[in-house]
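Novice: See my_file28.pdb below, with PDB, C-alpha atoms.
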ATOM      1  CA  MET N   1       1.215 -90.381  45.148
ATOM      2  CA  ARG N   2       3.521 -90.222  48.151
ATOM      3  CA  PHE N   3       4.557 -93.849  47.574
ATOM      4  CA  ASN N   4       5.459 -92.995  43.954
ATOM      5  CA  ARG N   5       7.608 -90.124  45.159
ATOM      6  CA  VAL N   6       9.475 -92.433  47.549
ATOM      7  CA  ILE N   7      10.159 -94.897  44.715
ATOM      8  CA  ILE N   8      11.370 -92.156  42.332
ATOM      9  CA  ALA N   9      13.501 -90.594  45.103
ATOM     10  CA  SER N  10      15.059 -93.989  45.921
ATOM     11  CA  ILE N  11      15.921 -94.579  42.253
ATOM     12  CA  LEU N  12      17.474 -91.113  41.945
ATOM     13  CA  ILE N  13      19.507 -91.502  45.151
ATOM     14  CA  LEU N  14      20.774 -94.881  43.937
ATOM     15  CA  LEU N  15      21.654 -93.325  40.569
ATOM     16  CA  LEU N  16      23.516 -90.479  42.276
ATOM     17  CA  PHE N  17      25.415 -92.953  44.442
ATOM     18  CA  LEU N  18      26.434 -94.938  41.342
ATOM     19  CA  VAL N  19      27.592 -91.797  39.509
ATOM     20  CA  CYS N  20      29.604 -90.633  42.547
ATOM     21  CA  SER N  21      31.180 -94.072  43.030
ATOM     22  CA  ASN N  22      32.082 -94.292  39.349
ATOM     23  CA  TYR N  23      33.668 -90.837  39.386
ATOM     24  CA  ALA N  24      35.682 -91.499  42.548
ATOM     25  CA  SER N  25      36.935 -94.873  41.299
ATOM     26  CA  ASN N  26      38.035 -93.462  37.900
ATOM     27  CA  GLU N  27      39.664 -90.313  39.218
ATOM     28  CA  GLU N  28      42.976 -90.915  37.425
ATOM     29  CA  TYR N  29      41.279 -90.905  34.004
ATOM     30  CA  HIS N  30      39.921 -87.395  34.400
ATOM     31  CA  SER N  31      41.876 -84.819  32.455
ATOM     32  CA  THR N  32      43.221 -81.915  34.442
ATOM     33  CA  VAL N  33      44.089 -79.881  31.380
ATOM     34  CA  ASN N  34      41.759 -77.070  30.470
ATOM     35  CA  GLU N  35      40.431 -77.873  27.012
ATOM     36  CA  LEU N  36      38.624 -74.579  26.449
ATOM     37  CA  VAL N  37      41.790 -72.550  26.096
ATOM     38  CA  PHE N  38      43.795 -75.217  24.285
ATOM     39  CA  TYR N  39      46.693 -75.769  26.648
ATOM     40  CA  SER N  40      49.274 -78.315  25.628
ATOM     41  CA  PRO N  41      48.661 -81.928  26.784
ATOM     42  CA  ASP N  42      51.953 -81.708  28.720
ATOM     43  CA  ASN N  43      50.490 -79.002  30.957
ATOM     44  CA  GLN N  44      49.786 -79.740  34.586
ATOM     45  CA  LEU N  45      47.329 -77.755  36.684
ATOM     46  CA  VAL N  46      47.827 -77.858  40.456
ATOM     47  CA  SER N  47      46.320 -75.847  43.283
ATOM     48  CA  GLY N  48      47.283 -75.689  46.914
ATOM     49  CA  ILE N  49      48.935 -73.696  49.682
ATOM     50  CA  ILE N  50      52.365 -72.083  49.307
ATOM     51  CA  THR N  51      54.601 -73.632  51.970
ATOM     52  CA  GLU N  52      58.065 -72.426  50.895
ATOM     53  CA  VAL N  53      59.297 -69.434  48.895
ATOM     54  CA  TYR N  54      62.612 -69.614  46.975
ATOM     55  CA  PRO N  55      64.464 -66.993  44.892
ATOM     56  CA  ASP N  56      63.527 -68.866  41.705
ATOM     57  CA  GLY N  57      60.023 -69.977  42.686
ATOM     58  CA  PHE N  58      58.058 -71.596  45.482
ATOM     59  CA  GLN N  59      56.756 -74.861  46.882
ATOM     60  CA  VAL N  60      53.048 -75.573  46.763
ATOM     61  CA  SER N  61      51.405 -78.232  48.917
ATOM     62  CA  VAL N  62      48.551 -79.913  47.053
ATOM     63  CA  ASP N  63      45.743 -81.795  48.792
ATOM     64  CA  ASP N  64      45.170 -85.112  46.974
ATOM     65  CA  LYS N  65      41.535 -85.072  48.257
ATOM     66  CA  LYS N  66      42.253 -88.112  50.424
ATOM     67  CA  GLY N  67      43.829 -86.284  53.341
ATOM     68  CA  ASN N  68      47.391 -86.475  51.975
ATOM     69  CA  TYR N  69      49.528 -83.606  50.702
ATOM     70  CA  ILE N  70      51.917 -83.676  47.733
ATOM     71  CA  ASN N  71      54.584 -80.974  47.435
ATOM     72  CA  TYR N  72      55.334 -79.460  44.036
ATOM     73  CA  ARG N  73      58.274 -77.175  43.343
ATOM     74  CA  VAL N  74      57.189 -74.379  40.993
ATOM     75  CA  ILE N  75      59.870 -72.576  38.994
ATOM     76  CA  THR N  76      58.793 -69.017  38.224
ATOM     77  CA  SER N  77      59.725 -65.363  38.681
ATOM     78  CA  PHE N  78      56.170 -64.614  39.873
ATOM     79  CA  LYS N  79      56.216 -63.011  43.352
ATOM     80  CA  VAL N  80      54.234 -64.917  45.985
ATOM     81  CA  GLU N  81      53.785 -64.894  49.750
ATOM     82  CA  LEU N  82      53.931 -67.723  52.225
ATOM     83  CA  SER N  83      50.595 -69.439  53.112
ATOM     84  CA  ASP N  84      48.742 -67.897  50.167
ATOM     85  CA  GLY N  85      46.664 -70.190  47.966
ATOM     86  CA  ALA N  86      48.005 -70.758  44.434
ATOM     87  CA  TYR N  87      46.637 -72.126  41.169
ATOM     88  CA  VAL N  88      49.519 -73.083  38.915
ATOM     89  CA  LEU N  89      49.367 -74.106  35.287
ATOM     90  CA  GLY N  90      52.693 -75.192  33.885
ATOM     91  CA  THR N  91      54.842 -77.877  32.334
ATOM     92  CA  LEU N  92      55.801 -80.856  34.460
ATOM     93  CA  ASN N  93      59.594 -81.212  34.200
ATOM     94  CA  SER N  94      60.138 -84.037  36.642
ATOM     95  CA  PRO N  95      57.566 -85.784  38.905
ATOM     96  CA  ASN N  96      57.291 -82.861  41.323
ATOM     97  CA  VAL N  97      58.813 -79.873  39.522
ATOM     98  CA  ILE N  98      56.655 -77.556  37.426
ATOM     99  CA  THR N  99      57.700 -74.625  35.284
ATOM    100  CA  GLY N 100      54.877 -72.154  35.909
ATOM    101  CA  GLU N 101      53.170 -70.549  32.893
ATOM    102  CA  LYS N 102      50.013 -69.140  34.434
ATOM    103  CA  ILE N 103      49.822 -68.516  38.179
ATOM    104  CA  VAL N 104      46.978 -67.054  40.209
ATOM    105  CA  THR N 105      47.446 -66.503  43.941
ATOM    106  CA  VAL N 106      44.753 -65.991  46.536
ATOM    107  CA  LYS N 107      45.324 -64.515  49.973
ATOM    108  CA  ARG N 108      44.004 -66.420  52.989
ATOM    109  CA  SER N 109      42.017 -63.342  54.088
ATOM    110  CA  GLU N 110      40.326 -63.261  50.660
ATOM    111  CA  PHE N 111      39.119 -66.845  51.183
ATOM    112  CA  LYS N 112      37.505 -65.812  54.476
ATOM    113  CA  PHE N 113      35.857 -62.858  52.727
ATOM    114  CA  VAL N 114      34.475 -65.232  50.067
ATOM    115  CA  ILE N 115      32.916 -67.373  52.803
ATOM    116  CA  ILE N 116      31.331 -64.295  54.428
ATOM    117  CA  ARG N 117      29.949 -63.163  51.035
ATOM    118  CA  SER N 118      28.585 -66.638  50.422
ATOM    119  CA  ILE N 119      26.781 -66.593  53.780
ATOM    120  CA  VAL N 120      25.255 -63.220  52.811
ATOM    121  CA  GLY N 121      24.239 -64.722  49.448
ATOM    122  CA  PHE N 122      22.627 -67.704  51.171
ATOM    123  CA  ILE N 123      20.687 -65.441  53.551
ATOM    124  CA  LEU N 124      19.516 -63.436  50.518
ATOM    125  CA  PHE N 125      18.355 -66.660  48.860
ATOM    126  CA  LEU N 126      16.482 -67.737  52.016
ATOM    127  CA  ILE N 127      14.740 -64.347  52.236
ATOM    128  CA  ILE N 128      13.639 -64.498  48.580
ATOM    129  CA  PHE N 129      12.648 -68.171  48.674
ATOM    130  CA  LEU N 130      10.765 -68.053  51.968
ATOM    131  CA  THR N 131       8.849 -64.962  50.802
ATOM    132  CA  TYR N 132       7.165 -67.049  48.121
ATOM    133  CA  TRP N 133       7.285 -70.649  49.365
ATOM    134  CA  LYS N 134       6.718 -72.570  52.560
ATOM    135  CA  PHE N 135       7.222 -76.205  53.400
ATOM    136  CA  ASN N 136       4.095 -78.140  54.295
ATOM    137  CA  PHE N 137       5.097 -81.036  56.551
ATOM    138  CA  LYS N 138       1.678 -82.715  56.227
ATOM    139  CA  THR N 139       1.859 -83.114  52.462
ATOM    140  CA  PHE N 140       5.680 -83.045  52.542
ATOM    141  CA  ASN N 141       6.014 -80.505  49.761
ATOM    142  CA  PHE N 142       6.554 -76.809  49.129
ATOM    143  CA  THR N 143       3.470 -74.658  48.612
ATOM    144  CA  ARG N 144       3.228 -71.153  47.185
ATOM    145  CA  LEU N 145       2.679 -68.500  49.842
ATOM    146  CA  LYS N 146       1.303 -65.709  47.706
ATOM    147  CA  GLU N 147       0.778 -64.791  44.107
ATOM    148  CA  ASN N 148       2.779 -61.935  42.686
ATOM    149  CA  GLN N 149       0.370 -59.277  41.397
ATOM    150  CA  ARG N 150       2.127 -58.348  38.203
ATOM    151  CA  PHE N 151       3.657 -61.663  37.274
ATOM    152  CA  SER N 152       0.884 -63.817  38.682
ATOM    153  CA  GLN N 153       0.530 -67.350  37.421
ATOM    154  CA  PRO N 154      -2.577 -68.717  35.751
ATOM    155  CA  GLN N 155      -4.878 -70.611  38.117
ATOM    156  CA  ASN N 156      -4.296 -73.893  36.301
ATOM    157  CA  PRO N 157      -0.922 -75.554  36.798
ATOM    158  CA  GLN N 158       1.605 -74.078  34.435
ATOM    159  CA  LYS N 159       2.809 -76.314  31.649
ATOM    160  CA  ILE N 160       6.190 -76.220  29.976
ATOM    161  CA  SER N 161       4.456 -76.370  26.582
ATOM    162  CA  ASP N 162       2.775 -73.039  27.482
ATOM    163  CA  PHE N 163       6.116 -71.476  28.260
ATOM    164  CA  LEU N 164       7.641 -72.601  25.003
ATOM    165  CA  GLY N 165       4.655 -71.137  23.155
ATOM    166  CA  VAL N 166       3.727 -74.536  21.703
ATOM    167  CA  ARG N 167       0.048 -74.160  22.564
ATOM    168  CA  LYS N 168      -0.087 -70.635  21.135
ATOM    169  CA  MET N 169       1.610 -71.755  17.930
ATOM    170  CA  LEU N 170      -0.796 -74.693  17.617
ATOM    171  CA  CYS N 171      -3.780 -72.301  17.932
ATOM    172  CA  ILE N 172      -2.363 -70.021  15.243
ATOM    173  CA  PHE N 173      -1.721 -73.008  12.997
ATOM    174  CA  LEU N 174      -5.254 -74.411  13.512
ATOM    175  CA  ASN N 175      -6.848 -71.011  12.827
ATOM    176  CA  PHE N 176      -4.776 -70.774   9.670
ATOM    177  CA  LEU N 177      -5.988 -74.243   8.585
ATOM    178  CA  LYS N 178      -9.618 -73.254   9.303
ATOM    179  CA  LYS N 179      -9.300 -70.155   7.131
ATOM    180  CA  ILE N 180      -7.908 -72.203   4.247
ATOM    181  CA  LEU N 181     -10.680 -74.787   4.572
ATOM    182  CA  ARG N 182     -13.344 -72.051   4.625
ATOM    183  CA  ARG N 183     -11.964 -70.499   1.453
ATOM    184  CA  LYS N 184     -12.170 -73.873  -0.296
TER     185      LYS N 184
ATOM    186  CA  MET O   1      31.888 -68.125  40.589
ATOM    187  CA  PRO O   2      33.693 -66.650  43.575
ATOM    188  CA  ASP O   3      30.797 -66.559  46.003
ATOM    189  CA  TRP O   4      27.043 -67.045  46.247
ATOM    190  CA  ILE O   5      26.068 -63.364  45.800
ATOM    191  CA  PRO O   6      26.606 -63.407  41.992
ATOM    192  CA  HIS O   7      25.230 -66.965  41.851
ATOM    193  CA  ILE O   8      21.998 -65.603  43.348
ATOM    194  CA  LEU O   9      21.838 -62.105  41.868
ATOM    195  CA  ILE O  10      22.775 -62.835  38.239
ATOM    196  CA  PRO O  11      20.001 -65.440  37.664
ATOM    197  CA  TRP O  12      17.577 -63.224  39.620
ATOM    198  CA  THR O  13      18.440 -60.270  37.375
ATOM    199  CA  LEU O  14      18.174 -62.283  34.151
ATOM    200  CA  CYS O  15      14.923 -63.982  35.156
ATOM    201  CA  THR O  16      13.343 -60.726  36.357
ATOM    202  CA  VAL O  17      14.185 -59.135  32.992
ATOM    203  CA  LEU O  18      12.629 -62.173  31.267
ATOM    204  CA  GLY O  19       9.657 -61.739  33.607
ATOM    205  CA  PHE O  20       8.878 -58.380  31.951
ATOM    206  CA  LYS O  21       8.079 -60.357  28.795
ATOM    207  CA  PHE O  22       7.126 -63.860  29.982
ATOM    208  CA  LYS O  23       4.653 -64.222  32.841
ATOM    209  CA  GLN O  24       6.060 -67.678  33.649
ATOM    210  CA  PHE O  25       9.044 -65.913  35.202
ATOM    211  CA  SER O  26       7.083 -64.916  38.276
ATOM    212  CA  GLN O  27       8.990 -64.174  41.479
ATOM    213  CA  GLU O  28       7.874 -67.561  42.892
ATOM    214  CA  ASN O  29       9.427 -69.376  39.949
ATOM    215  CA  ILE O  30      12.513 -67.157  40.061
ATOM    216  CA  ALA O  31      12.947 -68.250  43.694
ATOM    217  CA  VAL O  32      13.053 -71.831  42.387
ATOM    218  CA  VAL O  33      15.661 -70.814  39.775
ATOM    219  CA  LEU O  34      17.773 -69.407  42.624
ATOM    220  CA  MET O  35      17.474 -72.705  44.469
ATOM    221  CA  GLY O  36      18.698 -74.437  41.306
ATOM    222  CA  ALA O  37      21.615 -72.013  41.092
ATOM    223  CA  LEU O  38      22.893 -73.255  44.462
ATOM    224  CA  ILE O  39      22.432 -76.995  43.762
ATOM    225  CA  PRO O  40      25.956 -77.638  42.349
ATOM    226  CA  ASP O  41      27.557 -76.176  45.482
ATOM    227  CA  ILE O  42      25.829 -78.768  47.702
ATOM    228  CA  PHE O  43      29.000 -80.766  47.058
ATOM    229  CA  LYS O  44      30.816 -78.350  49.382
ATOM    230  CA  ILE O  45      29.430 -80.290  52.347
ATOM    231  CA  TYR O  46      32.632 -82.288  51.876
ATOM    232  CA  LEU O  47      34.326 -79.466  53.831
ATOM    233  CA  LEU O  48      32.290 -80.432  56.908
ATOM    234  CA  PHE O  49      33.336 -84.066  56.479
ATOM    235  CA  ASN O  50      36.976 -82.955  56.062
ATOM    236  CA  LEU O  51      36.837 -81.414  59.542
ATOM    237  CA  ASN O  52      36.043 -84.878  60.909
ATOM    238  CA  GLY O  53      38.813 -86.547  58.912
ATOM    239  CA  ILE O  54      36.461 -88.041  56.299
ATOM    240  CA  TYR O  55      37.646 -87.121  52.796
ATOM    241  CA  LEU O  56      34.705 -87.201  50.392
ATOM    242  CA  GLU O  57      35.656 -84.485  47.902
ATOM    243  CA  ASN O  58      36.284 -86.928  45.051
ATOM    244  CA  PHE O  59      33.133 -88.885  45.811
ATOM    245  CA  LEU O  60      30.913 -85.788  45.956
ATOM    246  CA  THR O  61      32.436 -83.956  42.961
ATOM    247  CA  PRO O  62      29.744 -85.250  40.502
ATOM    248  CA  ILE O  63      27.220 -83.078  42.396
ATOM    249  CA  HIS O  64      29.200 -80.134  41.033
ATOM    250  CA  LEU O  65      28.843 -81.546  37.523
ATOM    251  CA  PRO O  66      25.730 -81.413  35.310
ATOM    252  CA  VAL O  67      25.007 -85.122  35.744
ATOM    253  CA  GLY O  68      24.840 -84.934  39.548
ATOM    254  CA  SER O  69      23.089 -81.565  39.625
ATOM    255  CA  ILE O  70      20.343 -82.846  37.307
ATOM    256  CA  ILE O  71      19.741 -85.813  39.616
ATOM    257  CA  ILE O  72      19.602 -83.514  42.669
ATOM    258  CA  ALA O  73      17.226 -81.188  40.764
ATOM    259  CA  GLY O  74      15.043 -84.228  40.087
ATOM    260  CA  LEU O  75      15.072 -85.089  43.786
ATOM    261  CA  ILE O  76      14.175 -81.537  44.837
ATOM    262  CA  SER O  77      11.388 -81.272  42.247
ATOM    263  CA  LEU O  78       9.711 -84.220  44.019
ATOM    264  CA  LEU O  79       9.076 -81.811  46.896
ATOM    265  CA  PHE O  80       6.829 -79.635  44.709
ATOM    266  CA  THR O  81       3.408 -80.311  43.213
ATOM    267  CA  ASN O  82       4.084 -78.976  39.729
ATOM    268  CA  ARG O  83       7.181 -81.100  39.206
ATOM    269  CA  LYS O  84       7.856 -80.675  35.488
ATOM    270  CA  SER O  85       7.951 -76.905  35.481
ATOM    271  CA  ILE O  86       9.795 -76.818  38.827
ATOM    272  CA  PHE O  87      12.400 -79.201  37.381
ATOM    273  CA  PHE O  88      12.723 -76.897  34.365
ATOM    274  CA  PHE O  89      13.306 -73.836  36.563
ATOM    275  CA  LEU O  90      15.790 -75.751  38.760
ATOM    276  CA  ILE O  91      17.751 -76.796  35.661
ATOM    277  CA  LEU O  92      17.729 -73.194  34.489
ATOM    278  CA  GLY O  93      19.330 -72.197  37.797
ATOM    279  CA  VAL O  94      21.862 -75.038  37.564
ATOM    280  CA  SER O  95      22.789 -73.860  34.032
ATOM    281  CA  THR O  96      23.473 -70.316  35.241
ATOM    282  CA  HIS O  97      25.748 -71.735  37.950
ATOM    283  CA  PHE O  98      27.856 -73.653  35.435
ATOM    284  CA  LEU O  99      27.952 -70.756  32.977
ATOM    285  CA  LEU O 100      29.336 -68.510  35.721
ATOM    286  CA  ASP O 101      31.778 -71.156  36.995
ATOM    287  CA  LEU O 102      33.135 -71.560  33.466
ATOM    288  CA  LEU O 103      34.728 -68.116  33.858
ATOM    289  CA  LEU O 104      36.903 -69.254  36.775
ATOM    290  CA  PHE O 105      40.528 -70.362  36.815
ATOM    291  CA  ASN O 106      40.586 -73.116  39.425
ATOM    292  CA  GLY O 107      41.231 -76.456  37.813
ATOM    293  CA  GLY O 108      38.418 -76.939  35.332
ATOM    294  CA  MET O 109      35.183 -78.907  35.464
ATOM    295  CA  HIS O 110      34.369 -82.220  33.817
ATOM    296  CA  LEU O 111      31.136 -80.817  32.431
ATOM    297  CA  LEU O 112      30.713 -83.663  29.943
ATOM    298  CA  TYR O 113      31.220 -86.442  32.491
ATOM    299  CA  PRO O 114      30.523 -89.408  32.086
ATOM    300  CA  PHE O 115      30.695 -88.971  28.302
ATOM    301  CA  SER O 116      34.060 -87.228  28.123
ATOM    302  CA  PRO O 117      36.985 -86.669  30.524
ATOM    303  CA  LEU O 118      37.593 -83.148  29.158
ATOM    304  CA  SER O 119      38.126 -80.505  31.804
ATOM    305  CA  LEU O 120      36.544 -77.230  30.782
ATOM    306  CA  GLN O 121      37.002 -73.690  32.026
ATOM    307  CA  ILE O 122      37.790 -70.346  30.386
ATOM    308  CA  GLY O 123      39.945 -69.206  33.307
ATOM    309  CA  ILE O 124      39.538 -65.436  33.184
ATOM    310  CA  ILE O 125      38.698 -64.667  36.829
ATOM    311  CA  SER O 126      40.116 -65.802  40.144
ATOM    312  CA  ALA O 127      38.135 -67.802  42.709
ATOM    313  CA  THR O 128      38.059 -64.818  45.080
ATOM    314  CA  ASP O 129      37.230 -62.143  42.502
ATOM    315  CA  PHE O 130      35.183 -59.335  44.083
ATOM    316  CA  ASN O 131      34.535 -57.279  40.922
ATOM    317  CA  ILE O 132      31.977 -59.741  39.599
ATOM    318  CA  THR O 133      30.163 -59.553  42.956
ATOM    319  CA  ILE O 134      29.990 -55.742  42.757
ATOM    320  CA  LEU O 135      28.834 -55.872  39.130
ATOM    321  CA  SER O 136      26.093 -58.357  39.991
ATOM    322  CA  ILE O 137      24.891 -56.161  42.888
ATOM    323  CA  ILE O 138      24.736 -53.072  40.629
ATOM    324  CA  ALA O 139      22.879 -54.961  37.880
ATOM    325  CA  ALA O 140      20.423 -56.436  40.403
ATOM    326  CA  LEU O 141      19.743 -53.011  41.960
ATOM    327  CA  VAL O 142      19.064 -51.430  38.548
ATOM    328  CA  VAL O 143      16.652 -54.226  37.590
ATOM    329  CA  TYR O 144      15.048 -54.147  41.049
ATOM    330  CA  PHE O 145      14.201 -50.430  40.715
ATOM    331  CA  ILE O 146      12.802 -50.940  37.188
ATOM    332  CA  TYR O 147      10.784 -53.917  38.475
ATOM    333  CA  LYS O 148       9.429 -51.895  41.402
ATOM    334  CA  LYS O 149       8.545 -48.989  39.090
ATOM    335  CA  GLN O 150       6.696 -51.297  36.689
ATOM    336  CA  ASP O 151       5.022 -53.035  39.602
ATOM    337  CA  SER O 152       3.646 -49.741  41.005
ATOM    338  CA  ASN O 153       2.255 -48.613  37.588
TER     339      ASN O 153
END
So that I can check it, write out the structure of this file as structure tokens.
Specialist:
Amino acid sequence: MRFNRVIIASILILLLFLVCSNYASNEEYHSTVNELVFYSPDNQLVSGIITEVYPDGFQVSVDDKKGNYINYRVITSFKVELSDGAYVLGTLNSPNVITGEKIVTVKRSEFKFVIIRSIVGFILFLIIFLTYWKFNFKTFNFTRLKENQRFSQPQNPQKISDFLGVRKMLCIFLNFLKKILRRK
Amino acid sequence: MPDWIPHILIPWTLCTVLGFKFKQFSQENIAVVLMGALIPDIFKIYLLFNLNGIYLENFLTPIHLPVGSIIIAGLISLLFTNRKSIFFFLILGVSTHFLLDLLLFNGGMHLLYPFSPLSLQIGIISATDFNITILSIIAALVVYFIYKKQDSN
């Protein structure tokens, strides 16, 4: 059983590695245009830190996810502040100049607050999860700690078919067939 | 979604409401759904690598896509005895994460990767939005009190 798990886990890890490698090597083919709200194909979406503010716009420094930064000049009347984060959707005029159409800015302090909220969320998750589950190092799996009184599970392992009501529907169907056969 | 509070509380609220009708949504299984809801954000470990000058954001991005999250859910379900149903509840959690992230405006997600390069997002809330966090807390509190009341009857 444990050996099977190791084999399945190895296959899944290999699969994940292949997917990640494929994604990273084909990065340039991934569209950056939001297709759900039907932006024009000429639109460019960039996000980064505001490094310069001009009367007719600002400069945003975009991390290329490889440790390098590319500067984009954004032309807009939208008021921004230095060192804020910015998401800019606009039309690319020349290689590094964008006319902003939709701009959302985020203050640095707000980012820190998001991190604090996320830590609180994670602690909340740990409290809920560890109330009901514990890790058994001997069997190397999670085991249920206690059964909830109201929403307790059946003693037998739960099956997905039960959840979808397949078994219940089959019973109803069989009873219906029996009734028909009896009548005949 | 902006932070992990709505990512935890919204699936908890929805699953607890479903638990009033379906016994399969027990609090133990809801805890598994919550674990699933955090799976896509495992990719954020790239931030730790960034601190050491190793840039893995592109490489780890598929974890924040359905294809990678499903594989991770499969890996995690191996740590449970009742794997099929645990996998189902993990996927349910993963789905809630993507549904909530669809609301953001932060560059889109290649949800259909590797089948399509389309980047999808509705873009109606900012990445640091606090209103959705407050709403999720209020909804969770309301459901929690109803749950407690039903539990005591």
Novice: Counting all atoms listed in the file, write as a list of chain:residue names all protein and nucleic acid residues lying at most 9 Å from (33.8, -66.1, 37.6) in the file's frame.
Specialist: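 Checked against the point, the hits come out as O:Met1, O:Pro2, O:Asp3, O:Pro6, O:Leu99, O:Leu100, O:Asp101, O:Leu102, O:Leu103, O:Leu104, O:Phe105, O:Gly123, O:Ile124, O:Ile125, O:Ser126, O:Ala127, O:Thr128, O:Asp129, O:Ile132.
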Novice: Once the PyMOL selection byres ((chain O and resi 74) around 12) has been applied to the shown file, what residues remain in the selection, as a ChimeraX atom specification?
Specialist: /N:5,8-13,15-16 /O:36,39,67-73,75-80,83-91,94
Novice: Go ahead and write the residues just picked, C-alpha atoms, as a PDB file, keeping the file's coordinate frame.
Specialist:
ATOM      1  CA  ARG N   5       7.608 -90.124  45.159  1.00  0.00           C
ATOM      2  CA  ILE N   8      11.370 -92.156  42.332  1.00  0.00           C
ATOM      3  CA  ALA N   9      13.501 -90.594  45.103  1.00  0.00           C
ATOM      4  CA  SER N  10      15.059 -93.989  45.921  1.00  0.00           C
ATOM      5  CA  ILE N  11      15.921 -94.579  42.253  1.00  0.00           C
ATOM      6  CA  LEU N  12      17.474 -91.113  41.945  1.00  0.00           C
ATOM      7  CA  ILE N  13      19.507 -91.502  45.151  1.00  0.00           C
ATOM      8  CA  LEU N  15      21.654 -93.325  40.569  1.00  0.00           C
ATOM      9  CA  LEU N  16      23.516 -90.479  42.276  1.00  0.00           C
TER      10      LEU N  16
ATOM     11  CA  GLY O  36      18.698 -74.437  41.306  1.00  0.00           C
ATOM     12  CA  ILE O  39      22.432 -76.995  43.762  1.00  0.00           C
ATOM     13  CA  VAL O  67      25.007 -85.122  35.744  1.00  0.00           C
ATOM     14  CA  GLY O  68      24.840 -84.934  39.548  1.00  0.00           C
ATOM     15  CA  SER O  69      23.089 -81.565  39.625  1.00  0.00           C
ATOM     16  CA  ILE O  70      20.343 -82.846  37.307  1.00  0.00           C
ATOM     17  CA  ILE O  71      19.741 -85.813  39.616  1.00  0.00           C
ATOM     18  CA  ILE O  72      19.602 -83.514  42.669  1.00  0.00           C
ATOM     19  CA  ALA O  73      17.226 -81.188  40.764  1.00  0.00           C
ATOM     20  CA  LEU O  75      15.072 -85.089  43.786  1.00  0.00           C
ATOM     21  CA  ILE O  76      14.175 -81.537  44.837  1.00  0.00           C
ATOM     22  CA  SER O  77      11.388 -81.272  42.247  1.00  0.00           C
ATOM     23  CA  LEU O  78       9.711 -84.220  44.019  1.00  0.00           C
ATOM     24  CA  LEU O  79       9.076 -81.811  46.896  1.00  0.00           C
ATOM     25  CA  PHE O  80       6.829 -79.635  44.709  1.00  0.00           C
ATOM     26  CA  ARG O  83       7.181 -81.100  39.206  1.00  0.00           C
ATOM     27  CA  LYS O  84       7.856 -80.675  35.488  1.00  0.00           C
ATOM     28  CA  SER O  85       7.951 -76.905  35.481  1.00  0.00           C
ATOM     29  CA  ILE O  86       9.795 -76.818  38.827  1.00  0.00           C
ATOM     30  CA  PHE O  87      12.400 -79.201  37.381  1.00  0.00           C
ATOM     31  CA  PHE O  88      12.723 -76.897  34.365  1.00  0.00           C
ATOM     32  CA  PHE O  89      13.306 -73.836  36.563  1.00  0.00           C
ATOM     33  CA  LEU O  90      15.790 -75.751  38.760  1.00  0.00           C
ATOM     34  CA  ILE O  91      17.751 -76.796  35.661  1.00  0.00           C
ATOM     35  CA  VAL O  94      21.862 -75.038  37.564  1.00  0.00           C
TER      36      VAL O  94
END
Novice: Starting from the point (51.4, -78.2, 33.6), work out which residues of protein, DNA or RNA have an atom no more than 6 Å away when counting all atoms listed in the file; state them as JSON, numbers by chain.
Specialist: {"N": [43, 44, 45, 89, 90, 91, 92]}
Novice: Excluding same-chain residues fewer than 2 positions from region 60-66 of chain O, what lies within 7 Å of it counting all atoms listed in the file, as a VMD selection string?
Specialist: (chain N and resid 19 to 20 23) or (chain O and resid 40 to 43 56 to 58 68 to 70 110 to 111)
Novice: Identify which of the residues O:Gly93, O:Trp4, O:Phe49, O:Ala37 lies closest to chain N, counting only C-alpha atoms when measuring atom-to-atom distances.
Specialist: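 Of O:Gly93, O:Trp4, O:Phe49, O:Ala37, the one nearest chain N, counting only C-alpha atoms, is O:Trp4.
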Novice: Apply the PyMOL selection byres ((chain N and resi 142) around 10) to the structure shown and report the selected residues as a list in words.
Specialist: Tyr132, Trp133, Lys134, Phe135, Asn136, Phe137, Thr139, Phe140, Asn141, Thr143, Arg144 and Leu145 of chain N; Ile76, Ser77, Leu78, Leu79, Phe80, Thr81 and Asn82 of chain O
Novice: What residues come out when you apply the PyMOL selection byres ((chain N and resi 77) around 12) to this file, written as a list of chain:residue names?
Specialist: N:Val53, N:Tyr54, N:Pro55, N:Asp56, N:Gly57, N:Phe58, N:Val74, N:Ile75, N:Thr76, N:Phe78, N:Lys79, N:Val80, N:Thr99, N:Gly100, N:Glu101, N:Lys102, N:Ile103
Novice: Only C-alpha atoms, please: the residues just picked out, written as a compact mmCIF listing (two decimals), in the coordinates of the input.
Specialist:
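Result file follows (selection07.txt):
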# COMPACT_ATOMS: atom_id res chain seq x y z
CA VAL N 53 59.30 -69.43 48.90
CA TYR N 54 62.61 -69.61 46.98
CA PRO N 55 64.46 -66.99 44.89
CA ASP N 56 63.53 -68.87 41.70
CA GLY N 57 60.02 -69.98 42.69
CA PHE N 58 58.06 -71.60 45.48
CA VAL N 74 57.19 -74.38 40.99
CA ILE N 75 59.87 -72.58 38.99
CA THR N 76 58.79 -69.02 38.22
CA PHE N 78 56.17 -64.61 39.87
CA LYS N 79 56.22 -63.01 43.35
CA VAL N 80 54.23 -64.92 45.98
CA THR N 99 57.70 -74.62 35.28
CA GLY N 100 54.88 -72.15 35.91
CA GLU N 101 53.17 -70.55 32.89
CA LYS N 102 50.01 -69.14 34.43
CA ILE N 103 49.82 -68.52 38.18
Novice: How far is it from CA of Leu51 (chain O) to CA of Gly67 (chain N), in Å with one decimal?
Specialist: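 CA of Gly67 (chain N) lies 10.5 Å from CA of Leu51 (chain O).
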Novice: I need the residue nearest chain O from this list: N:Asn22, N:Ile49, N:Glu81, N:Tyr72. Use all atoms listed in the file for the distance.
Specialist: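 Answer, going by the shortest atom-to-atom distance: N:Asn22.
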